[in-house]
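Enquirer: Compact mmCIF, C-alpha atoms, file input10.txt:
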```txt
# COMPACT_ATOMS: atom_id res chain seq x y z
CA MET A 1 -165.53 -193.03 -245.52
CA GLN A 2 -168.88 -191.24 -245.35
CA ILE A 3 -171.96 -192.95 -246.78
CA THR A 4 -175.09 -190.83 -247.08
CA LYS A 5 -178.50 -192.53 -247.33
CA HIS A 6 -181.52 -191.17 -249.26
CA LEU A 7 -185.01 -192.61 -249.55
CA TRP A 8 -186.43 -192.41 -253.08
CA PHE A 9 -189.65 -194.02 -254.37
CA PRO A 10 -189.30 -195.41 -251.42
CA GLU A 11 -185.95 -197.05 -252.12
CA LYS A 12 -182.76 -196.51 -250.18
CA VAL A 13 -180.12 -194.93 -252.39
CA TYR A 14 -176.58 -194.34 -251.18
CA ASN A 15 -173.91 -191.84 -252.11
CA VAL A 16 -170.18 -192.28 -251.49
CA GLN A 17 -167.58 -189.71 -252.45
CA ILE A 18 -164.67 -191.23 -254.38
CA ASN A 19 -161.27 -189.51 -254.39
CA GLU A 20 -161.04 -187.01 -257.25
CA ASN A 21 -157.58 -188.38 -258.16
CA VAL A 22 -159.34 -191.59 -259.21
CA CYS A 23 -161.61 -189.51 -261.45
CA ASP A 24 -158.62 -187.72 -262.96
CA GLU A 25 -157.01 -191.07 -263.77
CA ILE A 26 -160.22 -192.25 -265.46
CA ILE A 27 -160.43 -189.00 -267.47
CA GLU A 28 -156.89 -189.64 -268.76
CA LEU A 29 -157.86 -193.21 -269.64
CA VAL A 30 -160.93 -192.01 -271.57
CA GLU A 31 -158.91 -189.44 -273.50
CA LYS A 32 -156.45 -192.16 -274.51
CA ASP A 33 -158.89 -195.01 -275.30
CA LYS A 34 -162.18 -193.43 -276.46
CA ILE A 35 -161.10 -193.65 -280.09
CA THR A 36 -161.48 -197.46 -279.86
CA TRP A 37 -164.94 -197.37 -278.24
CA LYS A 38 -168.31 -197.81 -279.90
CA LYS A 39 -171.51 -195.85 -279.50
CA ASN A 40 -174.95 -197.12 -278.46
CA LEU A 41 -174.35 -199.81 -275.83
CA LYS A 42 -177.94 -200.92 -275.21
CA ASN A 43 -179.67 -197.86 -273.63
CA VAL A 44 -176.63 -195.56 -273.62
CA GLN A 45 -176.40 -193.36 -276.71
CA ALA A 46 -172.79 -192.36 -276.07
CA LEU A 47 -169.32 -193.82 -276.52
CA THR A 48 -168.70 -196.70 -274.11
CA SER A 49 -165.84 -198.99 -273.21
CA GLY A 50 -168.13 -202.03 -273.53
CA TRP A 51 -169.24 -204.33 -270.70
CA ASN A 52 -165.75 -205.46 -269.67
CA GLY A 53 -164.58 -202.19 -268.12
CA THR A 54 -162.73 -204.08 -265.39
CA ARG A 55 -159.99 -204.76 -267.95
CA TYR A 56 -158.74 -201.33 -266.91
CA PRO A 57 -156.82 -201.62 -263.60
CA ILE A 58 -158.36 -198.43 -262.16
CA ILE A 59 -161.89 -199.72 -262.80
CA LYS A 60 -160.99 -203.16 -261.39
CA SER A 61 -159.58 -201.49 -258.26
CA LEU A 62 -162.66 -199.30 -257.86
CA SER A 63 -164.91 -202.31 -258.39
CA ASP A 64 -163.04 -204.25 -255.70
CA HIS A 65 -163.37 -201.32 -253.29
CA ILE A 66 -167.13 -201.17 -253.84
CA THR A 67 -167.66 -204.95 -253.47
CA LYS A 68 -165.39 -205.40 -250.45
CA ASP A 69 -165.90 -202.13 -248.52
CA ILE A 70 -168.97 -200.17 -249.59
CA LEU A 71 -171.65 -202.77 -250.42
CA PRO A 72 -171.07 -204.73 -247.17
CA GLU A 73 -171.62 -201.48 -245.21
CA ILE A 74 -174.84 -200.89 -247.11
CA GLY A 75 -175.72 -204.53 -246.39
CA LYS A 76 -175.47 -203.85 -242.65
CA ASP A 77 -177.90 -200.96 -243.01
CA GLN A 78 -180.25 -203.09 -245.12
CA SER A 79 -179.87 -206.20 -242.88
CA TRP A 80 -178.92 -208.41 -245.82
CA LYS A 81 -178.39 -212.09 -244.97
CA TYR A 82 -174.99 -212.19 -246.66
CA ASN A 83 -172.53 -209.94 -248.47
CA ASN A 84 -170.68 -211.94 -251.08
CA TRP A 85 -170.53 -209.24 -253.75
CA GLN A 86 -169.02 -209.59 -257.19
CA THR A 87 -168.96 -207.24 -260.15
CA ASP A 88 -171.11 -208.56 -262.98
CA ASP A 89 -170.39 -205.75 -265.45
CA ALA A 90 -168.63 -202.41 -265.47
CA TRP A 91 -168.35 -199.89 -268.28
CA ILE A 92 -167.22 -196.34 -268.88
CA ASN A 93 -169.52 -193.88 -270.66
CA PHE A 94 -168.24 -190.86 -272.56
CA TYR A 95 -171.11 -188.51 -273.39
CA GLN A 96 -170.71 -185.64 -275.80
CA GLU A 97 -173.11 -182.80 -276.47
CA LYS A 98 -176.64 -184.15 -277.19
CA ASP A 99 -175.76 -187.73 -276.14
CA GLU A 100 -178.22 -189.36 -273.74
CA ALA A 101 -179.35 -192.63 -272.16
CA PHE A 102 -182.91 -193.91 -272.41
CA ALA A 103 -184.94 -194.77 -269.30
CA HIS A 104 -183.99 -198.22 -268.06
CA ASN A 105 -183.22 -200.32 -265.03
CA HIS A 106 -180.68 -203.09 -264.51
CA GLN A 107 -182.67 -206.30 -264.08
CA GLY A 108 -180.43 -209.33 -263.90
CA CYS A 109 -178.13 -207.99 -261.22
CA HIS A 110 -178.75 -207.10 -257.56
CA TYR A 111 -177.32 -203.62 -257.07
CA CYS A 112 -175.85 -200.89 -259.27
CA ALA A 113 -173.57 -197.91 -259.04
CA VAL A 114 -172.80 -194.87 -261.17
CA LEU A 115 -169.63 -192.89 -260.55
CA ILE A 116 -169.73 -189.31 -261.82
CA VAL A 117 -166.22 -188.81 -263.18
CA LYS A 118 -166.80 -185.61 -265.15
CA PRO A 119 -170.17 -183.97 -264.45
CA SER A 120 -172.32 -182.16 -266.97
CA ASN A 121 -175.48 -180.26 -266.06
CA GLY A 122 -177.16 -182.62 -263.60
CA ASN A 123 -178.26 -185.01 -266.31
CA LEU A 124 -178.77 -188.21 -264.28
CA ILE A 125 -182.44 -188.54 -263.38
CA PHE A 126 -184.14 -191.29 -261.37
CA CYS A 127 -187.85 -191.77 -261.91
CA HIS A 128 -190.66 -193.79 -260.43
CA ARG A 129 -191.45 -196.98 -262.37
CA GLY A 130 -195.04 -195.77 -262.84
CA LEU A 131 -193.78 -193.14 -265.28
CA ILE A 132 -191.99 -195.77 -267.38
CA GLU A 133 -194.44 -198.65 -267.12
CA LYS A 134 -197.39 -196.38 -268.00
CA ASP A 135 -199.30 -196.89 -264.78
CA ASN A 136 -202.91 -195.94 -265.55
CA THR A 137 -203.61 -194.42 -262.13
CA SER A 138 -203.71 -190.83 -263.33
CA PHE A 139 -204.40 -189.50 -259.83
CA LYS A 140 -200.85 -190.32 -258.73
CA ASN A 141 -198.14 -187.70 -258.83
CA TYR A 142 -194.98 -189.63 -259.63
CA GLU A 143 -191.66 -188.28 -258.50
CA MET A 144 -188.44 -187.73 -260.37
CA GLN A 145 -185.10 -187.11 -258.72
CA GLU A 146 -182.57 -185.13 -260.71
CA ILE A 147 -179.03 -185.58 -259.45
CA ASN A 148 -176.88 -182.56 -258.79
CA GLU A 149 -173.80 -184.17 -260.29
CA LYS A 150 -170.46 -183.71 -258.55
CA LYS A 151 -167.10 -185.07 -259.53
CA GLY A 152 -166.38 -188.23 -257.54
CA SER A 153 -169.97 -188.83 -256.45
CA SER A 154 -170.79 -192.54 -256.57
CA ILE A 155 -174.50 -193.32 -256.40
CA LEU A 156 -175.46 -196.88 -255.37
CA PHE A 157 -179.01 -198.08 -255.93
CA PRO A 158 -181.19 -201.20 -256.32
CA GLN A 159 -181.30 -202.74 -259.79
CA ASN A 160 -185.02 -202.07 -260.26
CA MET A 161 -184.76 -198.27 -260.09
CA TYR A 162 -185.44 -196.62 -263.42
CA HIS A 163 -183.09 -193.85 -264.48
CA TYR A 164 -181.99 -192.01 -267.59
CA VAL A 165 -179.61 -189.33 -268.76
CA SER A 166 -181.11 -186.30 -270.45
CA ALA A 167 -179.36 -184.86 -273.49
CA CYS A 168 -175.97 -183.60 -272.40
CA THR A 169 -174.94 -180.01 -272.98
CA SER A 170 -171.24 -180.73 -272.51
CA GLU A 171 -168.85 -183.66 -272.13
CA ARG A 172 -169.78 -186.06 -269.33
CA ILE A 173 -167.95 -189.18 -268.13
CA THR A 174 -169.38 -191.86 -265.85
CA VAL A 175 -168.53 -195.40 -264.82
CA ALA A 176 -171.47 -197.76 -264.38
CA PHE A 177 -171.43 -201.01 -262.41
CA ASN A 178 -173.73 -204.00 -261.99
CA PHE A 179 -173.17 -206.17 -258.91
CA VAL A 180 -174.45 -209.57 -257.84
CA ASN A 181 -174.65 -210.89 -254.30
CA ASN A 182 -174.30 -214.67 -254.41
CA SER A 183 -174.93 -216.82 -251.40
CA ILE A 184 -171.80 -218.33 -249.88
CA GLU A 185 -172.95 -221.80 -251.01
CA ASP A 186 -173.15 -220.79 -254.73
```
Let me see whether you can do it: turn the structure in this file into structure tokens.
Expert:
Amino acid sequence: MQITKHLWFPEKVYNVQINENVCDEIIELVEKDKITWKKNLKNVQALTSGWNGTRYPIIKSLSDHITKDILPEIGKDQSWKYNNWQTDDAWINFYQEKDEAFAHNHQGCHYCAVLIVKPSNGNLIFCHRGLIEKDNTSFKNYEMQEINEKKGSSILFPQNMYHYVSACTSERITVAFNFVNNSIED
């Protein structure tokens, strides 16, 4: 397993490649179930499975892999005191042409992940909080990081990082996760 670290805004963001067969299985699931999904889950203006995506065995398995294998490795790099990860929420997003997600972060959890199942045209964009929170220091040049989306790319990032999805030009499928790291005593 290869984990690549990036430093953005100046946060550490990690990328892990997930087997494309997992993505293919999720694509089949979306094709079968999307008819039952609703649009506009909070900031996501696309069809979504709803918060309880772990009801799907493939999402539950992927979630377990991230909490048991990937996040503890990131924890070593970050020198976290403990690694008792659990999935708080998981959901599948099915974007169609012109669908988007508004700028947001994931307060209320500790770490997040987005798995690119079916990429579009690099639509996931991370941005500095100063752009969103209307920081009045006009001399600053705030960064944005557009993701070159690849099938199977799983991006893990702190909950406070703002991100959005620009209007899609083609179908796009992602799985989003929120994780919490509870102390062993909890």
Enquirer: Using all atoms listed in the file, which residues sit within 7 Å of range 60-72 of chain A once same-chain residues fewer than 6 positions away are excluded, as a list in words?
Expert: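 Near range 60-72 of chain A, the qualifying residues are Thr54, Asn83, Trp85, Gln86 and Thr87 of chain A.
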Enquirer: CA of Tyr162 in chain A and CA of Gly53 in chain A, how far apart in Å?
Expert: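 CA of Tyr162 in chain A lies at a distance of 22.1 Å from CA of Gly53 in chain A.
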Enquirer: Using only C-alpha atoms, can you tell me which of A:Lys150, A:His6, A:His104, A:Lys81 comes closest to Val117 in chain A?
Expert: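 Under the stated criterion, the closest residue is A:Lys150.
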Enquirer: Need the shell around Ile147 in chain A: protein/DNA/RNA residues with any atom at most 9 Å away, counting all atoms listed in the file. Skip same-chain ones fewer than 5 positions apart. Format as a ChimeraX atom specification?
Expert: /A:122-126
Enquirer: Find the residue from A:His128, A:Asn160, A:Glu143, A:Gln96 that sits nearest to Arg172 in chain A; use only C-alpha atoms when measuring.
Expert: A:Gln96
Enquirer: Leaving out Ile3 in chain A and any residue of its chain fewer than 3 positions from it, which residues lie within 9 Å of it when counting all atoms listed in the file, given as a short mmCIF file (atom, residue, chain, number, x, y, z; two decimals) with C-alpha atoms, keeping the file's coordinate frame?
Expert:
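For reference, around-v4.cif as written:
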```cif
data_model
loop_
_atom_site.label_atom_id
_atom_site.label_comp_id
_atom_site.auth_asym_id
_atom_site.auth_seq_id
_atom_site.Cartn_x
_atom_site.Cartn_y
_atom_site.Cartn_z
CA TYR A 14 -176.58 -194.34 -251.18
CA ASN A 15 -173.91 -191.84 -252.11
CA VAL A 16 -170.18 -192.28 -251.49
CA GLN A 17 -167.58 -189.71 -252.45
CA ILE A 70 -168.97 -200.17 -249.59
CA GLU A 73 -171.62 -201.48 -245.21
CA ILE A 74 -174.84 -200.89 -247.11
#
```
Enquirer: For Phe102 in chain A, work out the shell of residues within 8 Å, counting all atoms listed in the file and skipping chain neighbours fewer than 6 positions away, then give it as an mmCIF file with C-alpha atoms, in the coordinates of the input.
Expert:
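Contents of the output file result_31.cif:
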```
data_model
loop_
_atom_site.group_PDB
_atom_site.id
_atom_site.type_symbol
_atom_site.label_atom_id
_atom_site.label_comp_id
_atom_site.auth_asym_id
_atom_site.auth_seq_id
_atom_site.Cartn_x
_atom_site.Cartn_y
_atom_site.Cartn_z
ATOM 1 C CA ASN A 43 -179.670 -197.860 -273.630
ATOM 2 C CA VAL A 44 -176.630 -195.560 -273.620
ATOM 3 C CA GLN A 45 -176.400 -193.360 -276.710
ATOM 4 C CA HIS A 163 -183.090 -193.850 -264.480
ATOM 5 C CA TYR A 164 -181.990 -192.010 -267.590
ATOM 6 C CA VAL A 165 -179.610 -189.330 -268.760
#
```
Enquirer: What lies within 9 Å of range 20-29 of chain A using all atoms listed in the file, ignoring chain neighbours under 3 positions off, as a PyMOL selection string?
Expert: chain A and resi 17+32-34+56+58-59+62+92+115-118+151-152+173+175
Enquirer: What does the distance from CA of His106 in chain A to CA of Met161 in chain A come to in Å, to one decimal?
Expert: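 Distance between the two atoms: 7.7 Å.
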Enquirer: Between CA of Trp91 in chain A and CA of Ala46 in chain A, what distance in Å does the model show, to one decimal?
Expert: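 So the two atoms, CA of Trp91 in chain A and CA of Ala46 in chain A, lie 11.7 Å apart.
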Enquirer: For Glu100 in chain A, which residue among A:Lys5, A:Pro10, A:Glu149, A:Ser120 is the nearest when counting all atoms listed in the file?
Expert: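 Under the stated criterion, the closest residue is A:Ser120.
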Enquirer: A:Gln78, A:Thr174, A:Ser153, A:Asn105: which is nearest Asn19 in chain A, counting all atoms listed in the file?
Expert: A:Ser153
Enquirer: Of the candidates A:Ala101, A:Val13, A:Met1, A:Ala113, which shows the shortest atom-to-atom distance to Gln145 in chain A, using all atoms listed in the file?
Expert: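 Using all atoms listed in the file, the shortest distance to Gln145 in chain A belongs to A:Val13.
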